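Listing of model_24.txt; format and content: compact mmCIF, C-alpha atoms.
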```txt
# COMPACT_ATOMS: atom_id res chain seq x y z
CA SER Q 1 0.00 0.00 0.00
CA ILE Q 2 0.90 3.65 -0.44
CA ILE Q 3 -0.24 6.09 2.22
CA GLY Q 4 0.50 9.68 3.07
CA PRO Q 5 -1.14 13.00 3.93
CA ASN Q 6 -3.24 14.87 1.40
CA GLY Q 7 -1.09 16.16 -1.46
CA ALA Q 8 1.75 13.74 -0.76
CA GLY Q 9 1.87 12.60 -4.40
CA LYS Q 10 0.15 9.22 -4.20
CA THR Q 11 -2.16 9.58 -7.19
CA THR Q 12 0.56 11.43 -9.09
CA PHE Q 13 2.72 8.33 -8.67
CA PHE Q 14 -0.05 6.18 -10.16
CA ASN Q 15 -0.37 8.62 -13.05
CA CYS Q 16 3.35 8.36 -13.76
CA VAL Q 17 3.33 4.55 -13.67
CA THR Q 18 0.39 4.33 -16.07
CA GLY Q 19 1.70 6.93 -18.51
CA PHE Q 20 -0.72 9.78 -17.82
CA TYR Q 21 2.10 11.97 -16.48
CA ARG Q 22 5.77 12.20 -17.46
CA HIS Q 23 8.15 12.09 -14.52
CA GLU Q 24 11.09 14.49 -14.49
CA GLU Q 25 13.76 12.22 -13.04
CA GLY Q 26 14.51 8.53 -12.67
CA THR Q 27 13.23 5.46 -14.50
CA ILE Q 28 10.10 3.35 -14.01
CA LEU Q 29 10.71 -0.37 -14.56
CA PHE Q 30 8.09 -3.09 -14.86
CA GLU Q 31 9.46 -6.63 -15.00
CA ASP Q 32 12.88 -5.11 -15.76
CA GLU Q 33 11.49 -3.23 -18.76
CA PRO Q 34 11.40 0.59 -18.73
CA VAL Q 35 7.94 2.03 -19.32
CA ASP Q 36 9.08 5.66 -19.49
CA GLY Q 37 7.38 7.48 -22.34
CA MET Q 38 5.23 4.51 -23.34
CA ALA Q 39 1.69 5.15 -24.50
CA THR Q 40 -0.97 4.20 -21.98
CA ASP Q 41 -2.33 1.39 -24.16
CA ARG Q 42 1.12 -0.21 -24.41
CA ILE Q 43 1.50 -0.05 -20.64
CA THR Q 44 -1.89 -1.73 -20.30
CA ARG Q 45 -0.82 -4.53 -22.66
CA LEU Q 46 2.29 -5.10 -20.54
CA GLY Q 47 0.00 -5.96 -17.62
CA ILE Q 48 -0.61 -2.76 -15.61
CA ALA Q 49 -4.20 -1.75 -14.89
CA ARG Q 50 -5.78 0.76 -12.54
CA THR Q 51 -8.94 2.20 -11.01
CA TYR Q 52 -9.51 5.84 -10.09
CA GLN Q 53 -10.34 7.96 -7.06
CA ASN Q 54 -13.51 9.12 -8.76
CA ILE Q 55 -15.51 6.45 -10.54
CA ARG Q 56 -14.85 6.53 -14.29
CA LEU Q 57 -17.24 4.02 -15.80
CA PHE Q 58 -19.01 4.27 -19.12
CA GLN Q 59 -22.23 5.19 -17.39
CA ASN Q 60 -24.52 4.79 -20.41
CA MET Q 61 -23.17 1.35 -21.33
CA THR Q 62 -24.19 -1.91 -19.73
CA VAL Q 63 -22.20 -3.65 -17.03
CA MET Q 64 -21.18 -6.34 -19.54
CA GLU Q 65 -20.10 -3.77 -22.12
CA ASN Q 66 -17.89 -2.02 -19.58
CA VAL Q 67 -16.00 -5.24 -18.90
CA LEU Q 68 -15.74 -6.02 -22.63
CA VAL Q 69 -14.10 -2.62 -23.15
CA GLY Q 70 -11.44 -3.67 -20.66
CA GLN Q 71 -10.64 -6.73 -22.79
CA HIS Q 72 -10.12 -4.69 -25.95
CA PRO Q 73 -6.28 -4.45 -25.73
CA HIS Q 74 -6.04 -8.24 -26.07
CA LEU Q 75 -8.63 -8.83 -28.80
CA LYS Q 76 -7.28 -9.59 -32.28
CA THR Q 77 -10.24 -8.64 -34.46
CA GLY Q 78 -9.46 -5.76 -36.80
CA LEU Q 79 -11.61 -3.44 -38.86
CA PHE Q 80 -12.30 -5.85 -41.71
CA GLY Q 81 -12.95 -8.71 -39.37
CA ALA Q 82 -15.53 -6.65 -37.48
CA ILE Q 83 -17.26 -5.85 -40.80
CA LEU Q 84 -17.19 -9.37 -42.26
CA ARG Q 85 -17.82 -11.13 -38.93
CA GLY Q 86 -16.26 -14.44 -39.86
CA ARG Q 87 -16.21 -17.56 -37.70
CA ARG Q 88 -13.04 -16.58 -35.81
CA VAL Q 89 -14.49 -13.17 -34.99
CA ARG Q 90 -17.67 -14.71 -33.62
CA GLN Q 91 -15.68 -17.22 -31.58
CA GLU Q 92 -13.53 -14.45 -30.13
CA GLU Q 93 -16.62 -12.44 -29.17
CA GLU Q 94 -18.25 -15.46 -27.54
CA GLN Q 95 -15.09 -16.14 -25.54
CA ALA Q 96 -14.87 -12.50 -24.49
CA VAL Q 97 -18.46 -12.53 -23.22
CA GLU Q 98 -17.79 -15.79 -21.35
CA ASP Q 99 -14.65 -14.34 -19.74
CA ALA Q 100 -16.48 -11.13 -18.83
CA SER Q 101 -19.25 -13.14 -17.16
CA GLU Q 102 -16.65 -14.95 -15.05
CA MET Q 103 -15.12 -11.64 -14.00
CA LEU Q 104 -18.50 -10.25 -12.99
CA GLN Q 105 -19.17 -13.36 -10.94
CA PHE Q 106 -15.77 -13.04 -9.29
CA VAL Q 107 -16.43 -9.46 -8.14
CA GLY Q 108 -19.98 -10.23 -7.00
CA LEU Q 109 -21.97 -8.81 -9.94
CA ALA Q 110 -23.28 -12.04 -11.45
CA GLY Q 111 -26.64 -11.61 -13.16
CA ARG Q 112 -26.24 -7.85 -13.62
CA GLY Q 113 -24.57 -7.82 -17.00
CA ASP Q 114 -27.58 -6.19 -18.68
CA TRP Q 115 -27.86 -3.38 -16.12
CA MET Q 116 -26.84 0.10 -17.12
CA ALA Q 117 -23.67 1.00 -15.23
CA LYS Q 118 -25.21 4.22 -13.92
CA ASN Q 119 -28.04 2.25 -12.26
CA LEU Q 120 -25.73 0.21 -10.04
CA PRO Q 121 -25.41 1.14 -6.35
CA TYR Q 122 -22.26 3.05 -5.48
CA GLY Q 123 -20.41 0.07 -4.01
CA ASP Q 124 -21.23 -2.09 -7.03
CA GLN Q 125 -19.92 0.60 -9.38
CA ARG Q 126 -16.60 0.36 -7.55
CA ARG Q 127 -16.68 -3.41 -8.10
CA LEU Q 128 -17.44 -2.92 -11.77
CA GLU Q 129 -14.37 -0.70 -12.11
CA ILE Q 130 -12.29 -3.58 -10.77
CA ALA Q 131 -13.98 -6.06 -13.11
CA ARG Q 132 -13.19 -3.80 -16.08
CA ALA Q 133 -9.56 -3.61 -14.94
CA LEU Q 134 -9.47 -7.41 -14.70
CA GLY Q 135 -10.52 -7.52 -18.35
CA THR Q 136 -7.07 -6.25 -19.28
CA SER Q 137 -5.47 -9.37 -17.70
CA PRO Q 138 -3.28 -7.38 -15.32
CA LYS Q 139 -0.21 -8.58 -13.51
CA LEU Q 140 -0.15 -5.37 -11.43
CA LEU Q 141 -3.40 -3.71 -10.37
CA LEU Q 142 -3.32 -0.16 -9.01
CA LEU Q 143 -6.34 0.61 -6.81
CA ASP Q 144 -6.82 4.31 -6.00
CA GLU Q 145 -8.93 4.61 -2.84
CA PRO Q 146 -11.30 1.72 -3.65
CA THR Q 147 -13.28 2.13 -0.41
CA ALA Q 148 -13.73 5.92 -0.67
CA GLY Q 149 -17.30 6.90 0.21
CA MET Q 150 -18.29 3.42 1.35
CA ASN Q 151 -20.09 2.54 4.55
CA PRO Q 152 -18.49 0.01 6.94
CA ALA Q 153 -20.33 -2.99 5.45
CA GLU Q 154 -19.30 -2.06 1.90
CA THR Q 155 -15.73 -1.43 3.05
CA HIS Q 156 -15.58 -4.90 4.63
CA LYS Q 157 -16.80 -6.54 1.41
CA MET Q 158 -14.33 -4.57 -0.70
CA THR Q 159 -11.46 -5.57 1.59
CA GLY Q 160 -12.45 -9.20 1.10
CA LEU Q 161 -12.50 -8.75 -2.67
CA ILE Q 162 -9.02 -7.21 -2.68
CA ARG Q 163 -7.73 -10.21 -0.73
CA LYS Q 164 -9.31 -12.54 -3.31
CA LEU Q 165 -7.64 -10.66 -6.15
CA ARG Q 166 -4.28 -11.17 -4.50
CA ASP Q 167 -4.69 -14.68 -3.12
CA ASP Q 168 -6.91 -16.39 -5.72
CA LEU Q 169 -5.78 -14.69 -8.93
CA GLY Q 170 -2.17 -14.03 -7.94
CA ILE Q 171 -2.35 -10.38 -8.97
CA THR Q 172 0.05 -7.93 -7.34
CA ILE Q 173 -2.01 -5.15 -5.74
CA LEU Q 174 -0.75 -1.62 -5.15
CA LEU Q 175 -3.28 0.22 -3.01
CA ILE Q 176 -3.80 3.88 -2.19
CA GLU Q 177 -6.15 4.14 0.76
CA HIS Q 178 -7.04 6.59 3.52
CA GLU Q 179 -8.98 4.02 5.57
CA MET Q 180 -6.23 2.87 7.92
CA ARG Q 181 -8.13 -0.21 9.09
CA VAL Q 182 -8.09 -1.44 5.50
CA VAL Q 183 -4.42 -0.58 4.97
CA MET Q 184 -3.17 -2.17 8.17
CA GLY Q 185 -5.42 -5.21 7.82
CA ILE Q 186 -4.57 -6.16 4.25
CA SER Q 187 -1.09 -4.85 3.41
CA GLU Q 188 2.08 -6.90 3.44
CA ARG Q 189 4.24 -3.82 2.92
CA ILE Q 190 3.50 -0.11 3.19
CA THR Q 191 5.24 2.87 1.63
CA VAL Q 192 4.64 6.33 3.08
CA LEU Q 193 4.96 9.45 0.94
CA ASP Q 194 5.16 13.06 2.08
CA TYR Q 195 5.61 15.96 -0.36
CA GLY Q 196 6.59 13.50 -3.07
CA GLN Q 197 9.33 11.87 -0.98
CA ARG Q 198 9.37 8.38 0.47
CA ILE Q 199 9.75 8.81 4.22
CA ALA Q 200 9.13 5.25 5.41
CA GLU Q 201 8.65 1.74 4.09
CA GLY Q 202 8.09 -1.57 5.79
CA PRO Q 203 5.53 -3.95 7.31
CA PRO Q 204 2.38 -2.48 8.89
CA GLU Q 205 3.64 -3.01 12.45
CA ALA Q 206 6.71 -0.88 11.82
CA ILE Q 207 4.82 1.86 9.98
CA GLN Q 208 2.30 2.23 12.82
CA ARG Q 209 5.12 3.19 15.20
CA ASP Q 210 7.31 5.18 12.84
CA LYS Q 211 8.05 8.65 14.19
CA ARG Q 212 8.34 10.25 10.75
CA VAL Q 213 4.95 8.88 9.72
CA ILE Q 214 3.18 10.24 12.80
CA GLU Q 215 4.91 13.59 12.31
CA ALA Q 216 3.80 13.72 8.66
CA TYR Q 217 0.17 13.15 9.62
CA LEU Q 218 -0.08 15.09 12.87
CA GLY Q 219 2.90 17.42 13.06
CA LYS Q 220 6.02 17.53 15.19
CA THR Q 221 4.24 18.25 18.47
CA ALA Q 222 2.10 15.15 18.24
CA SER Q 223 5.12 13.11 17.22
CA GLU Q 224 6.99 14.26 20.33
CA GLN Q 225 3.98 13.32 22.42
CA ALA Q 226 3.81 9.87 20.87
CA PHE Q 227 7.47 9.16 21.53
CA GLY Q 228 7.72 10.71 24.97
CA GLU Q 229 10.09 13.54 24.07
CA TYR Q 230 8.25 15.91 26.36
CA GLU Q 231 5.76 15.49 29.19
CA PRO Q 232 2.19 15.89 27.96
CA ALA Q 233 -0.79 16.66 30.16
CA SER Q 234 -1.65 13.62 32.26
CA ASP Q 235 -5.42 13.92 31.91
CA PRO Q 236 -6.90 12.69 28.57
CA GLN Q 237 -9.23 15.70 28.39
CA ASP Q 238 -6.28 18.05 28.83
CA ARG Q 239 -4.41 16.23 26.08
CA ALA Q 240 -7.42 16.53 23.79
CA ALA Q 241 -7.70 20.25 24.51
CA ALA Q 242 -4.01 20.74 23.76
CA ALA Q 243 -4.37 18.82 20.52
CA ALA Q 244 -7.35 20.96 19.55
CA ARG Q 245 -5.22 24.08 19.92
CA THR Q 246 -2.61 22.66 17.54
CA GLY Q 247 -5.15 21.19 15.12
CA ALA Q 248 -3.91 17.63 15.71
CA HIS Q 249 -5.55 14.53 17.09
CA PRO Q 250 -4.32 13.61 20.58
CA VAL Q 251 -1.66 10.92 20.41
CA ALA Q 252 -0.65 9.32 23.67
CA PRO Q 253 2.94 8.85 24.79
CA ALA Q 254 4.44 5.42 24.27
CA GLY Q 255 2.72 2.78 26.38
CA HIS Q 256 -0.51 4.73 26.90
CA ASP Q 257 -3.85 5.33 25.17
CA ALA Q 258 -5.22 8.80 24.64
CA ASP Q 259 -8.86 7.72 24.87
CA GLY Q 260 -8.72 3.97 25.32
CA SER Q 261 -9.60 3.30 21.66
CA ARG Q 262 -6.26 3.37 19.84
CA PRO Q 263 -2.89 1.78 20.71
CA ALA Q 264 -0.18 4.28 21.50
CA GLY Q 265 1.61 5.67 18.49
CA GLU Q 266 -0.78 4.15 15.93
CA VAL Q 267 -1.11 6.10 12.68
CA PRO Q 268 -4.51 7.83 12.71
CA GLU Q 269 -6.91 7.96 9.81
CA PRO Q 270 -6.67 11.15 7.74
CA ARG Q 271 -9.72 13.36 7.97
CA ASN Q 272 -9.88 14.38 4.31
CA GLU Q 273 -9.30 12.82 0.90
CA ASP Q 274 -6.71 13.96 -1.66
```
Since I need it in another form, could you write the structure as structure tokens?
Amino acid sequence: SIIGPNGAGKTTFFNCVTGFYRHEEGTILFEDEPVDGMATDRITRLGIARTYQNIRLFQNMTVMENVLVGQHPHLKTGLFGAILRGRRVRQEEEQAVEDASEMLQFVGLAGRGDWMAKNLPYGDQRRLEIARALGTSPKLLLLDEPTAGMNPAETHKMTGLIRKLRDDLGITILLIEHEMRVVMGISERITVLDYGQRIAEGPPEAIQRDKRVIEAYLGKTASEQAFGEYEPASDPQDRAAAAARTGAHPVAPAGHDADGSRPAGEVPEPRNED
């Protein structure tokens, strides 16, 4: 997963990897092959797919059609084949529809292929975005805040789906997410960005206690509180009042809880989206 405060550069990183932006320095390698300057469709064919912060479905197309669009980079039918509609073309179309149906079943949208995308509930539209990305046969799937705007039940289901993508399909997942319960519960490794710079990287347990991460989210004062570098107010209400003056959430010193609900030093959830 990639986390960081608002404006840290998380989505910009995704845009560079997928060819929407050109980076100014360095090289981006995928399976030891540089993708710098490649067209977005070539990057997709290599096996990199993504979803977006804001849903970007073809709203006036059906659910099935949205997934079929995702398969387009790997279809072989050309202009004349589409006009003549020979046996191979029909077979390819039938196989594409069959594959799309399997993808819809995998993400929990079986039986909704004929629905208009715009008529799906919000959580199902997020699932459809993932199904469309699966249509490109990705090796690396970039998910940009897939649980944004979801209620707790929808978030739980989406977390389960992300696990299935990784464990059942063997797809490498790179996740941007502000919901820390999702990040800490599903990630094997976390990278933290701040102002475009990587400030920490490691397993969730290490990131939760990293001083630089807490400082990036809450500021230096809260970081000093979390790591006992000065003596904070002993009463939780006093700590909360002090945090309110600085605009930060109260973070308890090491070994204590600020309000009994969060382990000391744990990275809090950001209050706003990018």
Contacts of segment 137-144 of chain Q at 8 Å or less, counting all atoms listed in the file, minus same-chain residues fewer than 5 places along, as a short mmCIF file (atom, residue, chain, number, x, y, z; two decimals) with C-alpha atoms, in the frame of the given file?
```
data_model
loop_
_atom_site.label_atom_id
_atom_site.label_comp_id
_atom_site.auth_asym_id
_atom_site.auth_seq_id
_atom_site.Cartn_x
_atom_site.Cartn_y
_atom_site.Cartn_z
CA THR Q 11 -2.16 9.58 -7.19
CA PHE Q 14 -0.05 6.18 -10.16
CA THR Q 44 -1.89 -1.73 -20.30
CA LEU Q 46 2.29 -5.10 -20.54
CA GLY Q 47 0.00 -5.96 -17.62
CA ILE Q 48 -0.61 -2.76 -15.61
CA ALA Q 49 -4.20 -1.75 -14.89
CA ARG Q 50 -5.78 0.76 -12.54
CA THR Q 51 -8.94 2.20 -11.01
CA TYR Q 52 -9.51 5.84 -10.09
CA GLN Q 53 -10.34 7.96 -7.06
CA GLN Q 71 -10.64 -6.73 -22.79
CA ILE Q 171 -2.35 -10.38 -8.97
CA THR Q 172 0.05 -7.93 -7.34
CA ILE Q 173 -2.01 -5.15 -5.74
CA LEU Q 174 -0.75 -1.62 -5.15
CA LEU Q 175 -3.28 0.22 -3.01
CA ILE Q 176 -3.80 3.88 -2.19
CA GLU Q 177 -6.15 4.14 0.76
#
```
What's around Met103 of chain Q at 8 Å? Count all atoms listed in the file, leave out sequence neighbours fewer than 6 positions away in its own chain, and write the answer as a list in words.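 Selected residues are Ala131, Leu134 and Gly135 of chain Q.
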Taking all atoms listed in the file into account, which of Q:Thr191, Q:Ser101, Q:Thr159, Q:Thr27 comes nearest Ile207 of chain Q?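 Smallest distance to Ile207 of chain Q is found for Q:Thr191.
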Neighbouring residues of Val67 of chain Q were defined as those with any atom within 12 Å, considering only C-alpha atoms; residues of the same chain fewer than 4 positions away were excluded. Please report them as a PDB file with C-alpha atoms, in the frame of the given file.
```pdb
ATOM      1  CA  LEU Q  57     -17.240   4.020 -15.800  1.00  0.00           C
ATOM      2  CA  PHE Q  58     -19.010   4.270 -19.120  1.00  0.00           C
ATOM      3  CA  MET Q  61     -23.170   1.350 -21.330  1.00  0.00           C
ATOM      4  CA  THR Q  62     -24.190  -1.910 -19.730  1.00  0.00           C
ATOM      5  CA  VAL Q  63     -22.200  -3.650 -17.030  1.00  0.00           C
ATOM      6  CA  GLN Q  71     -10.640  -6.730 -22.790  1.00  0.00           C
ATOM      7  CA  HIS Q  72     -10.120  -4.690 -25.950  1.00  0.00           C
ATOM      8  CA  PRO Q  73      -6.280  -4.450 -25.730  1.00  0.00           C
ATOM      9  CA  ALA Q  96     -14.870 -12.500 -24.490  1.00  0.00           C
ATOM     10  CA  VAL Q  97     -18.460 -12.530 -23.220  1.00  0.00           C
ATOM     11  CA  GLU Q  98     -17.790 -15.790 -21.350  1.00  0.00           C
ATOM     12  CA  ASP Q  99     -14.650 -14.340 -19.740  1.00  0.00           C
ATOM     13  CA  ALA Q 100     -16.480 -11.130 -18.830  1.00  0.00           C
ATOM     14  CA  SER Q 101     -19.250 -13.140 -17.160  1.00  0.00           C
ATOM     15  CA  GLU Q 102     -16.650 -14.950 -15.050  1.00  0.00           C
ATOM     16  CA  MET Q 103     -15.120 -11.640 -14.000  1.00  0.00           C
ATOM     17  CA  LEU Q 104     -18.500 -10.250 -12.990  1.00  0.00           C
ATOM     18  CA  GLN Q 105     -19.170 -13.360 -10.940  1.00  0.00           C
ATOM     19  CA  VAL Q 107     -16.430  -9.460  -8.140  1.00  0.00           C
ATOM     20  CA  LEU Q 109     -21.970  -8.810  -9.940  1.00  0.00           C
ATOM     21  CA  ARG Q 112     -26.240  -7.850 -13.620  1.00  0.00           C
ATOM     22  CA  GLY Q 113     -24.570  -7.820 -17.000  1.00  0.00           C
ATOM     23  CA  ASP Q 114     -27.580  -6.190 -18.680  1.00  0.00           C
ATOM     24  CA  ALA Q 117     -23.670   1.000 -15.230  1.00  0.00           C
ATOM     25  CA  GLN Q 125     -19.920   0.600  -9.380  1.00  0.00           C
ATOM     26  CA  ARG Q 127     -16.680  -3.410  -8.100  1.00  0.00           C
ATOM     27  CA  LEU Q 128     -17.440  -2.920 -11.770  1.00  0.00           C
ATOM     28  CA  GLU Q 129     -14.370  -0.700 -12.110  1.00  0.00           C
ATOM     29  CA  ILE Q 130     -12.290  -3.580 -10.770  1.00  0.00           C
ATOM     30  CA  ALA Q 131     -13.980  -6.060 -13.110  1.00  0.00           C
ATOM     31  CA  ARG Q 132     -13.190  -3.800 -16.080  1.00  0.00           C
ATOM     32  CA  ALA Q 133      -9.560  -3.610 -14.940  1.00  0.00           C
ATOM     33  CA  LEU Q 134      -9.470  -7.410 -14.700  1.00  0.00           C
ATOM     34  CA  GLY Q 135     -10.520  -7.520 -18.350  1.00  0.00           C
ATOM     35  CA  THR Q 136      -7.070  -6.250 -19.280  1.00  0.00           C
ATOM     36  CA  SER Q 137      -5.470  -9.370 -17.700  1.00  0.00           C
TER      37      SER Q 137
END
```
Residue with the minimum atom-to-atom distance to Gly202 of chain Q, picked from Q:Ile190, Q:Ile28, Q:Ile2, Q:Ile162 with all atoms listed in the file counted, is Q:Ile190
Taking every listed atom of segment 92-97 of chain Q and adding 3 Å to each side, what centre and edge lengths in Å (one decimal) does the axis-aligned box have, as AutoDock Vina command-line options?
```
--center_x -16.0 --center_y -14.3 --center_z -26.7 --size_x 10.9 --size_y 9.7 --size_z 12.9
```
Out of Q:Phe106, Q:Tyr122, Q:Trp115, Q:Phe13, which residue has the shortest atom-to-atom distance to Leu161 of chain Q when counting all atoms listed in the file? Q:Phe106
Shell around Arg198 of chain Q at 10 Å using all atoms listed in the file, local window under 4 positions removed, as a compact mmCIF listing (two decimals) with C-alpha atoms, in the coordinates of the input:
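Saved file out.txt follows:
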```txt
# COMPACT_ATOMS: atom_id res chain seq x y z
CA ILE Q 2 0.90 3.65 -0.44
CA GLY Q 4 0.50 9.68 3.07
CA ALA Q 8 1.75 13.74 -0.76
CA GLY Q 9 1.87 12.60 -4.40
CA THR Q 191 5.24 2.87 1.63
CA VAL Q 192 4.64 6.33 3.08
CA LEU Q 193 4.96 9.45 0.94
CA ASP Q 194 5.16 13.06 2.08
```
